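Asker: Supplied structure: target30.txt, compact mmCIF, C-alpha atoms and all ligand atoms.
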# COMPACT_ATOMS: atom_id res chain seq x y z
CA MET A 16 67.96 111.98 71.73
CA SER A 17 69.26 115.32 72.90
CA ASP A 18 71.24 117.81 70.88
CA ALA A 19 74.27 116.75 72.89
CA SER A 20 74.44 113.46 71.00
CA ILE A 21 74.50 115.28 67.67
CA SER A 22 76.95 118.06 68.40
CA PRO A 23 79.58 117.34 71.07
CA ASP A 24 80.03 120.37 73.28
CA PHE A 25 83.33 119.45 74.82
CA LYS A 26 86.83 118.51 73.82
CA THR A 27 88.39 115.35 75.19
CA VAL A 28 91.05 115.81 77.87
CA PRO A 29 93.66 113.04 78.08
CA ARG A 30 92.84 110.66 80.93
CA THR A 31 96.37 110.91 82.35
CA ILE A 32 95.83 114.50 83.54
CA ILE A 33 93.59 113.34 86.33
CA GLU A 34 95.12 110.38 88.10
CA THR A 35 92.26 109.01 90.16
CA LYS A 36 88.53 109.31 89.77
CA GLN A 37 87.15 112.21 91.75
CA SER A 38 83.85 111.97 93.55
CA LEU A 39 81.27 114.47 92.43
CA LEU A 40 79.19 113.98 95.57
CA GLY A 41 79.09 117.02 97.79
CA LEU A 42 80.18 119.55 95.16
CA SER A 43 78.10 122.70 94.91
CA ARG A 44 76.50 123.44 91.53
CA ASP A 45 79.27 125.94 90.79
CA ALA A 46 82.00 123.49 91.72
CA LEU A 47 80.36 120.81 89.58
CA ARG A 48 80.31 123.20 86.64
CA GLU A 49 84.02 123.89 87.13
CA LYS A 50 84.75 120.16 87.16
CA LEU A 51 82.94 119.72 83.87
CA ILE A 52 84.94 122.55 82.33
CA GLU A 53 88.12 120.83 83.55
CA VAL A 54 87.27 117.74 81.53
CA GLY A 55 86.53 119.73 78.40
CA VAL A 56 82.94 121.01 78.53
CA LYS A 57 82.81 124.42 76.85
CA GLU A 58 82.10 127.31 79.22
CA LYS A 59 78.87 128.34 77.56
CA GLN A 60 77.49 124.80 77.82
CA ALA A 61 78.78 124.11 81.30
CA LYS A 62 75.86 125.48 83.30
CA MET A 63 73.31 123.44 81.41
CA ARG A 64 75.40 120.26 81.48
CA ALA A 65 76.02 120.70 85.21
CA SER A 66 72.30 121.03 85.77
CA GLN A 67 71.62 117.84 83.78
CA VAL A 68 74.29 115.90 85.64
CA TRP A 69 73.02 117.29 88.95
CA GLN A 70 69.52 115.99 88.26
CA TRP A 71 70.80 112.54 87.37
CA ILE A 72 72.81 112.38 90.56
CA TYR A 73 70.43 113.92 93.09
CA GLN A 74 66.99 113.61 91.56
CA LYS A 75 67.25 110.18 90.01
CA GLY A 76 70.06 108.75 92.10
CA VAL A 77 71.86 107.05 89.21
CA GLN A 78 75.29 105.67 89.97
CA ASP A 79 76.44 105.02 86.43
CA PHE A 80 77.24 107.87 84.05
CA MET A 81 76.32 105.69 81.06
CA ILE A 82 72.66 105.82 82.14
CA MET A 83 72.59 109.62 81.78
CA THR A 84 70.90 109.31 78.41
CA ASN A 85 70.30 112.98 77.62
CA LEU A 86 74.08 113.45 77.40
CA SER A 87 76.14 112.38 74.43
CA LYS A 88 77.79 108.99 74.61
CA GLU A 89 81.23 110.54 74.27
CA PHE A 90 80.59 112.90 77.19
CA ARG A 91 79.26 110.06 79.32
CA THR A 92 82.40 108.05 78.62
CA THR A 93 84.59 111.00 79.56
CA MET A 94 82.63 111.49 82.76
CA SER A 95 83.01 107.88 83.79
CA GLU A 96 86.74 108.01 83.09
CA HIS A 97 87.31 111.00 85.32
CA PHE A 98 84.59 110.95 87.96
CA THR A 99 82.58 108.76 90.27
CA VAL A 100 79.31 109.09 92.18
CA GLU A 101 79.87 105.91 94.14
CA ARG A 102 78.52 105.74 97.67
CA PRO A 103 80.45 104.60 100.71
CA GLU A 104 80.33 100.85 101.15
CA ILE A 105 77.67 99.52 103.54
CA VAL A 106 79.70 97.38 105.95
CA THR A 107 76.63 96.23 107.87
CA LEU A 108 72.94 96.99 107.76
CA GLN A 109 71.18 96.15 110.98
CA LYS A 110 67.40 95.99 111.19
CA SER A 111 65.62 96.49 114.49
CA ILE A 112 62.37 94.75 115.34
CA ASP A 113 60.77 98.22 115.41
CA GLY A 114 61.73 98.90 111.78
CA THR A 115 64.76 101.08 112.55
CA ARG A 116 67.67 100.47 110.17
CA LYS A 117 71.25 101.23 111.10
CA TYR A 118 73.87 101.62 108.39
CA LEU A 119 77.52 101.23 109.18
CA LEU A 120 79.40 102.83 106.31
CA ARG A 121 83.04 102.65 105.36
CA ILE A 122 84.50 105.94 104.17
CA ALA A 123 87.91 106.96 102.82
CA GLY A 124 90.77 106.00 105.08
CA GLY A 125 88.91 102.89 106.23
CA HIS A 126 86.96 104.87 108.85
CA GLU A 127 83.44 103.95 109.76
CA VAL A 128 80.42 106.08 110.34
CA GLU A 129 76.80 105.40 111.17
CA ALA A 130 73.43 106.62 109.98
CA VAL A 131 70.05 105.49 111.29
CA TYR A 132 66.65 105.42 109.57
CA ILE A 133 63.70 105.62 111.94
CA PRO A 134 60.28 105.01 110.37
CA ASP A 135 57.19 106.36 112.10
CA GLU A 136 53.52 106.36 111.28
CA ASN A 137 53.54 109.54 109.25
CA ARG A 138 57.19 110.31 108.81
CA GLY A 139 60.59 108.75 108.28
CA THR A 140 63.60 110.33 109.94
CA LEU A 141 67.16 109.80 108.88
CA CYS A 142 69.71 110.53 111.60
CA ILE A 143 73.10 111.31 110.08
CA SER A 144 76.62 111.88 111.38
CA SER A 145 78.88 114.87 110.83
CA GLN A 146 82.17 113.58 112.27
CA VAL A 147 83.88 110.28 113.00
CA GLY A 148 84.01 110.45 116.80
CA CYS A 149 83.71 113.79 118.60
CA THR A 150 86.08 116.28 120.22
CA LEU A 151 83.63 116.87 123.03
CA LYS A 152 83.28 114.63 126.03
CA CYS A 153 79.68 114.72 127.20
CA THR A 154 79.75 112.23 130.04
CA PHE A 155 76.49 110.42 129.18
CA CYS A 156 77.28 109.98 125.46
CA HIS A 157 79.03 106.97 124.01
CA THR A 158 80.37 108.89 121.03
CA GLY A 159 82.01 111.21 123.57
CA THR A 160 84.23 108.39 124.78
CA GLN A 161 85.84 108.24 121.37
CA ASN A 162 88.35 110.78 120.15
CA LEU A 163 87.67 112.70 117.00
CA VAL A 164 89.01 110.72 114.09
CA ARG A 165 88.14 113.26 111.43
CA ASN A 166 85.48 115.56 110.03
CA LEU A 167 83.28 114.12 107.31
CA THR A 168 83.43 115.78 103.91
CA ALA A 169 80.28 117.34 102.44
CA GLY A 170 80.15 114.39 100.05
CA GLU A 171 80.26 111.88 102.89
CA ILE A 172 77.45 113.69 104.68
CA VAL A 173 75.18 113.82 101.59
CA ALA A 174 76.13 110.23 100.79
CA GLN A 175 74.49 109.04 104.01
CA VAL A 176 71.16 110.30 102.67
CA MET A 177 71.85 108.75 99.27
CA VAL A 178 72.77 105.35 100.70
CA ALA A 179 69.57 105.29 102.71
CA ARG A 180 67.54 106.28 99.63
CA ASP A 181 69.22 103.47 97.67
CA ASP A 182 68.45 100.97 100.40
CA LEU A 183 64.86 102.14 100.83
CA ASP A 184 64.33 102.15 97.06
CA GLU A 185 63.25 105.75 97.26
CA TRP A 186 64.56 107.22 94.02
CA PRO A 187 61.86 107.92 91.45
CA ASN A 188 61.66 105.22 88.83
CA ASP A 189 59.60 104.33 85.79
CA SER A 190 56.58 103.56 87.94
CA GLY A 191 56.21 107.29 88.63
CA PRO A 192 57.46 110.18 90.72
CA GLN A 193 58.40 109.57 94.31
CA ILE A 194 55.83 112.05 95.65
CA GLY A 195 53.51 110.17 97.97
CA ARG A 196 55.98 107.40 98.57
CA ARG A 197 58.71 109.36 100.26
CA LYS A 198 60.29 107.39 103.04
CA ILE A 199 62.84 109.89 104.29
CA THR A 200 60.73 112.94 105.14
CA ASN A 201 63.07 114.41 107.76
CA VAL A 202 66.79 114.60 108.35
CA VAL A 203 68.35 115.16 111.76
CA LEU A 204 72.02 115.88 112.38
CA MET A 205 72.00 113.91 115.61
CA GLY A 206 74.38 111.10 114.81
CA MET A 207 78.05 111.04 115.65
CA GLY A 208 79.87 114.31 116.09
CA GLU A 209 79.25 117.99 116.70
CA PRO A 210 77.93 119.47 113.43
CA LEU A 211 78.92 123.03 114.28
CA TYR A 212 82.56 121.95 114.55
CA ASN A 213 82.35 120.88 110.91
CA PHE A 214 80.38 123.89 109.81
CA GLU A 215 81.23 124.37 106.12
CA ASN A 216 80.87 120.72 105.18
CA VAL A 217 77.58 120.36 107.04
CA ARG A 218 76.29 123.56 105.43
CA ASP A 219 77.31 122.54 101.92
CA ALA A 220 75.82 119.07 102.36
CA MET A 221 72.52 120.41 103.67
CA ARG A 222 72.28 122.84 100.77
CA ILE A 223 72.46 119.86 98.44
CA VAL A 224 69.90 117.90 100.45
CA MET A 225 67.54 120.91 100.30
CA ASP A 226 68.07 121.69 96.60
CA ASN A 227 64.74 121.61 94.75
CA GLU A 228 66.20 119.87 91.73
CA GLY A 229 67.41 116.99 93.80
CA ILE A 230 66.70 115.31 97.10
CA SER A 231 64.54 118.30 97.92
CA ILE A 232 63.98 118.00 101.65
CA SER A 233 62.74 121.33 102.99
CA ARG A 234 64.91 123.28 105.42
CA ARG A 235 62.03 123.01 107.88
CA ARG A 236 62.39 119.23 107.86
CA ILE A 237 66.06 119.31 108.72
CA THR A 238 67.16 119.68 112.33
CA LEU A 239 70.70 120.34 113.42
CA SER A 240 71.53 119.39 116.99
CA THR A 241 74.37 121.18 118.75
CA SER A 242 75.85 120.81 122.21
CA GLY A 243 76.09 124.61 122.27
CA VAL A 244 78.86 125.93 120.04
CA VAL A 245 77.77 129.51 120.67
CA PRO A 246 79.78 131.38 118.00
CA GLU A 247 78.36 129.24 115.19
CA ILE A 248 74.69 129.11 116.18
CA VAL A 249 73.40 132.28 114.53
CA ARG A 250 75.54 131.58 111.49
CA ALA A 251 73.85 128.18 111.17
CA GLY A 252 70.48 129.89 111.04
CA GLU A 253 71.69 132.34 108.42
CA GLU A 254 73.68 130.02 106.18
CA ILE A 255 71.79 126.74 106.52
CA GLY A 256 68.38 127.93 107.69
CA CYS A 257 67.34 124.59 109.14
CA LEU A 258 65.68 124.03 112.49
CA LEU A 259 67.83 123.96 115.59
CA ALA A 260 67.99 121.58 118.52
CA VAL A 261 70.19 122.19 121.53
CA SER A 262 71.53 119.57 123.89
CA PHE A 263 70.55 121.41 127.04
CA HIS A 264 70.38 118.58 129.59
CA ALA A 265 70.83 120.60 132.80
CA THR A 266 69.42 123.65 134.54
CA THR A 267 72.45 124.80 136.52
CA ASP A 268 75.97 125.50 135.30
CA ASP A 269 77.38 123.16 137.95
CA VAL A 270 75.52 120.17 136.53
CA ARG A 271 75.84 121.20 132.88
CA ASP A 272 79.62 121.65 133.31
CA ILE A 273 79.76 117.93 134.06
CA LEU A 274 77.21 116.61 131.58
CA VAL A 275 78.07 118.87 128.63
CA PRO A 276 81.59 120.16 129.35
CA ILE A 277 81.46 122.72 126.52
CA ASN A 278 79.36 124.60 129.09
CA LYS A 279 82.61 125.66 130.78
CA LYS A 280 83.41 127.64 127.67
CA TRP A 281 79.90 128.93 126.89
CA ASN A 282 77.64 128.70 129.90
CA ILE A 283 73.86 128.53 130.11
CA ALA A 284 73.39 132.32 130.15
CA LYS A 285 75.56 132.82 127.05
CA LEU A 286 73.86 129.95 125.29
CA LEU A 287 70.36 131.26 125.98
CA ASP A 288 71.34 134.77 124.89
CA THR A 289 72.54 133.41 121.58
CA LEU A 290 69.50 131.20 121.06
CA LYS A 291 67.27 134.25 121.31
CA GLN A 292 69.07 135.61 118.25
CA TYR A 293 68.50 132.51 116.13
CA PRO A 294 67.10 133.69 112.78
CA ARG A 295 63.42 133.12 111.93
CA LEU A 296 62.62 132.01 115.46
CA SER A 297 58.84 131.72 115.77
CA ASN A 298 56.17 129.41 117.08
CA SER A 299 56.27 127.41 113.89
CA GLU A 300 60.06 127.30 113.91
CA ARG A 301 60.77 126.62 117.55
CA ILE A 302 64.05 125.56 119.03
CA THR A 303 64.04 122.04 120.41
CA PHE A 304 65.65 121.78 123.82
CA GLU A 305 66.91 118.23 124.20
CA TYR A 306 66.96 117.02 127.75
CA VAL A 307 68.33 113.59 128.58
CA MET A 308 66.61 112.11 131.64
CA LEU A 309 69.26 110.89 134.06
CA LYS A 310 68.10 109.37 137.31
CA ASP A 311 68.85 111.61 140.35
CA VAL A 312 71.09 113.86 138.28
CA ASN A 313 68.85 116.30 136.42
CA ASP A 314 65.31 114.96 136.76
CA SER A 315 63.82 116.62 139.86
CA ASP A 316 60.70 118.80 139.98
CA ASP A 317 62.99 121.73 140.77
CA ASP A 318 64.91 121.03 137.58
CA ALA A 319 61.68 121.02 135.59
CA ARG A 320 60.63 124.35 137.08
CA ARG A 321 64.07 125.90 136.50
CA LEU A 322 64.05 124.64 132.93
CA VAL A 323 60.74 126.34 132.25
CA ARG A 324 62.04 129.61 133.70
CA LEU A 325 65.24 129.45 131.67
CA VAL A 326 63.58 128.91 128.31
CA SER A 327 60.85 131.48 128.87
CA GLY A 328 60.90 134.05 126.08
CA ILE A 329 62.23 131.55 123.54
CA PRO A 330 59.77 129.75 121.23
CA ALA A 331 60.65 126.26 122.41
CA LYS A 332 59.74 122.61 122.47
CA ILE A 333 61.31 120.44 125.14
CA ASN A 334 62.24 116.99 124.00
CA LEU A 335 62.77 114.61 126.91
CA ILE A 336 65.11 111.78 126.00
CA PRO A 337 65.18 108.77 128.32
CA PHE A 338 68.87 107.99 128.81
CA ASN A 339 70.10 105.19 126.57
CA PRO A 340 72.69 103.15 128.44
CA TRP A 341 75.85 101.82 126.87
CA PRO A 342 78.50 99.44 128.20
CA GLY A 343 80.46 101.25 130.90
CA SER A 344 78.14 104.23 131.27
CA ASN A 345 77.82 105.69 134.76
CA TYR A 346 74.22 106.88 134.54
CA THR A 347 70.80 105.32 134.89
CA ARG A 348 67.63 106.16 132.98
CA SER A 349 65.07 108.07 135.08
CA ASP A 350 62.07 106.03 136.18
CA TRP A 351 59.05 106.31 133.97
CA ASP A 352 56.87 108.05 136.58
CA ARG A 353 59.65 110.59 137.18
CA ILE A 354 59.80 111.35 133.46
CA GLU A 355 56.03 111.76 133.41
CA ALA A 356 56.05 114.09 136.43
CA PHE A 357 58.82 116.17 134.86
CA ALA A 358 56.94 116.30 131.54
CA ALA A 359 53.76 117.39 133.30
CA ILE A 360 55.45 120.42 134.88
CA VAL A 361 56.91 121.45 131.53
CA ASN A 362 53.57 120.86 129.81
CA ASP A 363 51.61 122.84 132.37
CA ALA A 364 53.91 125.77 131.71
CA GLY A 365 52.73 125.71 128.09
CA TYR A 366 55.62 123.91 126.40
CA ALA A 367 55.23 120.81 124.28
CA SER A 368 57.28 118.15 126.03
CA PRO A 369 57.29 114.99 123.94
CA VAL A 370 59.20 112.08 125.39
CA ARG A 371 61.41 110.59 122.71
CA THR A 372 60.67 106.89 122.44
CA PRO A 373 63.97 105.05 122.30
CA ARG A 374 64.19 103.44 118.87
CA GLY A 375 66.41 100.68 117.62
CA GLU A 376 67.72 99.84 121.07
CA ASP A 377 68.18 96.18 120.13
CA ILE A 378 70.72 97.22 117.50
CA MET A 379 72.37 100.01 119.58
CA ALA A 380 70.92 102.63 117.25
CA ALA A 381 69.30 104.87 119.86
CA CYS A 382 70.52 108.41 120.66
CA GLY A 383 74.01 108.46 122.06
CA GLN A 384 74.68 104.80 121.33
CA LEU A 385 76.15 105.31 117.90
CA LYS A 386 79.60 104.20 116.93
CA SER A 387 79.82 101.66 119.69
CA ALA A 388 79.23 98.66 117.46
CA SER A 389 81.57 99.89 114.79
CA GLU A 390 84.34 100.41 117.28
CA LYS A 391 83.91 96.87 118.47
CA ILE A 392 84.02 95.65 114.91
CA ARG A 393 87.17 97.60 114.28
CA LYS A 394 88.85 96.21 117.37
CA SER A 395 87.96 92.66 116.45
CA GLN A 396 89.21 93.29 112.94
CA LEU A 397 92.48 94.56 114.36
CA LYS A 398 92.80 91.41 116.44
CA LYS A 399 92.18 89.31 113.36
CA GLU A 400 94.82 91.23 111.45
CA LYS A 401 97.39 90.67 114.21
CA VAL A 402 96.84 86.90 114.26
N1 LIG B 501 76.75 116.51 118.99
C1 LIG B 501 75.43 116.94 118.83
C2 LIG B 501 74.57 115.98 118.05
C3 LIG B 501 74.71 114.51 118.31
S1 LIG B 501 74.06 113.88 119.78
C4 LIG B 501 74.81 117.24 120.15
O1 LIG B 501 75.40 116.92 121.17
O2 LIG B 501 73.74 117.84 120.16
C5 LIG B 501 72.29 113.84 119.54
C6 LIG B 501 71.50 113.90 120.86
O3 LIG B 501 71.60 112.66 121.59
C7 LIG B 501 72.02 114.98 121.79
O4 LIG B 501 70.98 115.70 122.38
C8 LIG B 501 72.76 114.16 122.81
O5 LIG B 501 72.94 114.88 123.98
C9 LIG B 501 71.87 112.97 122.95
N2 LIG B 501 72.51 111.83 123.61
C10 LIG B 501 73.82 111.53 123.63
N3 LIG B 501 74.04 110.40 124.35
C11 LIG B 501 72.83 109.98 124.79
C12 LIG B 501 72.41 108.85 125.56
N4 LIG B 501 73.27 107.94 125.99
N5 LIG B 501 71.09 108.73 125.81
C13 LIG B 501 70.20 109.63 125.31
N6 LIG B 501 70.55 110.71 124.58
C14 LIG B 501 71.86 110.88 124.31
FE1 LIG B 502 79.74 114.91 120.99
FE2 LIG B 502 77.06 115.41 120.98
FE3 LIG B 502 78.06 113.17 122.15
FE4 LIG B 502 78.46 115.55 123.28
S1 LIG B 502 76.48 114.53 122.97
S2 LIG B 502 80.01 113.94 123.01
S3 LIG B 502 78.73 116.86 121.48
S4 LIG B 502 78.15 113.68 119.98
Once more with this new file: its structure as structure tokens, please.
Ligand code: SAH
Ligand code: SF4
Answerer:
Amino acid sequence: MSDASISPDFKTVPRTIIETKQSLLGLSRDALREKLIEVGVKEKQAKMRASQVWQWIYQKGVQDFMIMTNLSKEFRTTMSEHFTVERPEIVTLQKSIDGTRKYLLRIAGGHEVEAVYIPDENRGTLCISSQVGCTLKCTFCHTGTQNLVRNLTAGEIVAQVMVARDDLDEWPNDSGPQIGRRKITNVVLMGMGEPLYNFENVRDAMRIVMDNEGISISRRRITLSTSGVVPEIVRAGEEIGCLLAVSFHATTDDVRDILVPINKKWNIAKLLDTLKQYPRLSNSERITFEYVMLKDVNDSDDDARRLVRLVSGIPAKINLIPFNPWPGSNYTRSDWDRIEAFAAIVNDAGYASPVRTPRGEDIMAACGQLKSASEKIRKSQLKKEKV
């Protein structure tokens, strides 16, 4: 057993001082250390104890303080009296025939948020949300039809990764380290919400996800997608350091004003200027330009040629996303041969132009379809409550 079990390094603080259990998820290492001091850990021990607790939470994924066996029993009891590392409740887990898994999670206040796990041959991508709803109103996006309910906390953002790791049985266990059996290799902030309108919480959460003594997903395997919140883009590169994707979707301001209305505030020229300043931009760290393929709206050969001209000078990959319809949407997915013709023009100009295969369509888990099911569930629940 550790020295902690022989010589207690904290004094007990009466339980009544802290009324409800506080979640430790989402706290930075410094904030975690402060919390431990608050419950009686001596200052000179706090850094080491915080590091031990951190590893239990983020490296091993334990949910019960009593399992943290290198800490004294007394300290573990104190921890479980004051704190929690509980995850949000999984309201539903839907499994697509293509292996995609969609988690509907209930967070504080009874709100619901979605995360989607998309397995591929040589990678597994977890798509997470940053807000409940969205303030922006992109006309082709289902989330955009819902008002912003609230920003997610850093803890709620990290918790989406933790819930998926729980479900996928991905935490290391006695059978050995998880290296070689990692299921979540990549994280994309492409779920509900605009991550750059919840900057600090997204940043703090991603720092935890990247931390080497924990979940340890490299910054180069995390992609943040923004609709184009120009003032925060360079800051994201500096303070988070992950890869960037931009919801571009149109090649003229007239069309982009309609599809991505934030364009009225920061137009294509301003956006491109800012993208050129994104830190560490290089061929190995290219910006992904997301381009939703909408029939007869933005999918002509002229659009493809304009797109190539616009992005020239920026290390870029162009990700073509066939439009995913949702009930009430006013757009149609471009025909397959149109998508191929568009991709060929972009490709011939020297840009990778992968077409994103829609995944999890049968469970409404594809891009831009999120939140729809949960809203329906909420409405039906409301009806039930009224009866
Ligand atoms: N708010 C951020 C991230 C979430 S959206 C953003 O807008 O970038 C993730 C991606 O899905 C964006 O590129 C978005 O434009 C795209 N998307 C939204 N609705 C879609 C739909 N119905 N079909 C296909 N892609 C969609
Ligand atoms: Fe919000 Fe992104 Fe949807 Fe636009 S595309 S409404 S920014 S979630």
Asker: When distances are computed from all atoms listed in the file, which of A:Arg235, A:His264, A:Lys75, A:Arg250 shows the smallest separation from Thr289 of chain A?
Answerer: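 Using all atoms listed in the file, the shortest distance to Thr289 of chain A belongs to A:Arg250.
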Asker: Could you tell me, counting all atoms listed in the file, which protein and nucleic acid residues lie no more than 7 Å from ligand LIG 502 (chain B), written as a ChimeraX atom specification?
Answerer: /A:149-153,156-159,206-209,241-242,275,383
Asker: Please determine, counting all atoms listed in the file, which residue among A:Val54, A:Ala220, A:Val244, A:Ala380 has the shortest atom-to-atom distance to Leu287 of chain A.
Answerer: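 Of the candidates, the smallest distance to Leu287 of chain A is held by A:Val244.
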Asker: Quick check, in Å to one decimal: how far apart do atom CA of Cys257 of chain A and atom CA of Gly114 of chain A lie?
Answerer: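 Calculated distance between atom CA of Cys257 of chain A and atom CA of Gly114 of chain A is 26.4 Å.
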Asker: Ranking A:Arg197, A:Lys88, A:Arg218, A:Lys280 by minimum distance to Thr168 of chain A and counting only C-alpha atoms, which one comes first?
Answerer: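 Under the stated criterion, the closest residue is A:Arg218.
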Asker: Would you pick out the contacts of segment 353-359 of chain A at 7 Å or less, using all atoms listed in the file, so that residues sharing its chain but fewer than 3 positions from it are not included, and give the list as a list in words?
Answerer: Asp314, Asp316, Ala319, Ser349, Asp350, Asn362, Asp363 and Ser368 of chain A
Asker: How would segment 48-66 of chain A look written as a PDB file, in the first residue's frame with N, CA, C and O atoms?
Answerer:
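Produced file part_8.pdb, reproduced below:
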ATOM      1  N   ARG A  48      -6.377  20.513  -7.885  1.00  0.00           N
ATOM      2  CA  ARG A  48      -5.519  20.623  -6.700  1.00  0.00           C
ATOM      3  C   ARG A  48      -6.183  21.526  -5.646  1.00  0.00           C
ATOM      4  O   ARG A  48      -6.237  21.201  -4.465  1.00  0.00           O
ATOM      5  N   GLU A  49      -6.741  22.650  -6.122  1.00  0.00           N
ATOM      6  CA  GLU A  49      -7.426  23.562  -5.193  1.00  0.00           C
ATOM      7  C   GLU A  49      -8.578  22.863  -4.476  1.00  0.00           C
ATOM      8  O   GLU A  49      -8.790  23.053  -3.287  1.00  0.00           O
ATOM      9  N   LYS A  50      -9.327  22.080  -5.232  1.00  0.00           N
ATOM     10  CA  LYS A  50     -10.467  21.356  -4.635  1.00  0.00           C
ATOM     11  C   LYS A  50      -9.984  20.414  -3.537  1.00  0.00           C
ATOM     12  O   LYS A  50     -10.616  20.282  -2.492  1.00  0.00           O
ATOM     13  N   LEU A  51      -8.867  19.755  -3.779  1.00  0.00           N
ATOM     14  CA  LEU A  51      -8.362  18.823  -2.777  1.00  0.00           C
ATOM     15  C   LEU A  51      -7.931  19.570  -1.519  1.00  0.00           C
ATOM     16  O   LEU A  51      -8.143  19.100  -0.401  1.00  0.00           O
ATOM     17  N   ILE A  52      -7.336  20.749  -1.729  1.00  0.00           N
ATOM     18  CA  ILE A  52      -6.929  21.551  -0.566  1.00  0.00           C
ATOM     19  C   ILE A  52      -8.179  21.954   0.237  1.00  0.00           C
ATOM     20  O   ILE A  52      -8.195  21.905   1.461  1.00  0.00           O
ATOM     21  N   GLU A  53      -9.243  22.291  -0.496  1.00  0.00           N
ATOM     22  CA  GLU A  53     -10.499  22.680   0.174  1.00  0.00           C
ATOM     23  C   GLU A  53     -11.027  21.583   1.102  1.00  0.00           C
ATOM     24  O   GLU A  53     -11.641  21.876   2.115  1.00  0.00           O
ATOM     25  N   VAL A  54     -10.815  20.342   0.730  1.00  0.00           N
ATOM     26  CA  VAL A  54     -11.324  19.270   1.599  1.00  0.00           C
ATOM     27  C   VAL A  54     -10.250  18.753   2.549  1.00  0.00           C
ATOM     28  O   VAL A  54     -10.392  17.692   3.156  1.00  0.00           O
ATOM     29  N   GLY A  55      -9.151  19.489   2.676  1.00  0.00           N
ATOM     30  CA  GLY A  55      -8.223  19.180   3.752  1.00  0.00           C
ATOM     31  C   GLY A  55      -6.867  18.625   3.364  1.00  0.00           C
ATOM     32  O   GLY A  55      -6.026  18.390   4.231  1.00  0.00           O
ATOM     33  N   VAL A  56      -6.606  18.417   2.078  1.00  0.00           N
ATOM     34  CA  VAL A  56      -5.272  17.938   1.681  1.00  0.00           C
ATOM     35  C   VAL A  56      -4.269  19.064   1.938  1.00  0.00           C
ATOM     36  O   VAL A  56      -4.523  20.218   1.618  1.00  0.00           O
ATOM     37  N   LYS A  57      -3.138  18.700   2.551  1.00  0.00           N
ATOM     38  CA  LYS A  57      -2.127  19.719   2.851  1.00  0.00           C
ATOM     39  C   LYS A  57      -1.498  20.215   1.557  1.00  0.00           C
ATOM     40  O   LYS A  57      -1.268  19.433   0.634  1.00  0.00           O
ATOM     41  N   GLU A  58      -1.171  21.515   1.546  1.00  0.00           N
ATOM     42  CA  GLU A  58      -0.663  22.157   0.318  1.00  0.00           C
ATOM     43  C   GLU A  58       0.493  21.387  -0.312  1.00  0.00           C
ATOM     44  O   GLU A  58       0.535  21.184  -1.516  1.00  0.00           O
ATOM     45  N   LYS A  59       1.430  20.965   0.543  1.00  0.00           N
ATOM     46  CA  LYS A  59       2.628  20.345  -0.041  1.00  0.00           C
ATOM     47  C   LYS A  59       2.349  18.944  -0.629  1.00  0.00           C
ATOM     48  O   LYS A  59       3.128  18.440  -1.420  1.00  0.00           O
ATOM     49  N   GLN A  60       1.236  18.378  -0.259  1.00  0.00           N
ATOM     50  CA  GLN A  60       0.857  17.060  -0.802  1.00  0.00           C
ATOM     51  C   GLN A  60      -0.097  17.183  -1.995  1.00  0.00           C
ATOM     52  O   GLN A  60      -0.330  16.212  -2.713  1.00  0.00           O
ATOM     53  N   ALA A  61      -0.641  18.403  -2.142  1.00  0.00           N
ATOM     54  CA  ALA A  61      -1.799  18.534  -3.036  1.00  0.00           C
ATOM     55  C   ALA A  61      -1.475  18.209  -4.493  1.00  0.00           C
ATOM     56  O   ALA A  61      -2.275  17.587  -5.198  1.00  0.00           O
ATOM     57  N   LYS A  62      -0.280  18.601  -4.935  1.00  0.00           N
ATOM     58  CA  LYS A  62       0.047  18.392  -6.342  1.00  0.00           C
ATOM     59  C   LYS A  62       0.107  16.892  -6.656  1.00  0.00           C
ATOM     60  O   LYS A  62      -0.440  16.429  -7.660  1.00  0.00           O
ATOM     61  N   MET A  63       0.754  16.168  -5.758  1.00  0.00           N
ATOM     62  CA  MET A  63       0.892  14.733  -5.988  1.00  0.00           C
ATOM     63  C   MET A  63      -0.473  14.030  -5.910  1.00  0.00           C
ATOM     64  O   MET A  63      -0.801  13.185  -6.741  1.00  0.00           O
ATOM     65  N   ARG A  64      -1.263  14.418  -4.900  1.00  0.00           N
ATOM     66  CA  ARG A  64      -2.582  13.779  -4.768  1.00  0.00           C
ATOM     67  C   ARG A  64      -3.446  14.091  -5.995  1.00  0.00           C
ATOM     68  O   ARG A  64      -4.148  13.228  -6.507  1.00  0.00           O
ATOM     69  N   ALA A  65      -3.361  15.350  -6.453  1.00  0.00           N
ATOM     70  CA  ALA A  65      -4.165  15.726  -7.629  1.00  0.00           C
ATOM     71  C   ALA A  65      -3.748  14.877  -8.824  1.00  0.00           C
ATOM     72  O   ALA A  65      -4.595  14.415  -9.600  1.00  0.00           O
ATOM     73  N   SER A  66      -2.470  14.650  -8.948  1.00  0.00           N
ATOM     74  CA  SER A  66      -1.983  13.864 -10.079  1.00  0.00           C
ATOM     75  C   SER A  66      -2.478  12.414  -9.986  1.00  0.00           C
ATOM     76  O   SER A  66      -2.875  11.798 -10.988  1.00  0.00           O
TER      77      SER A  66
END
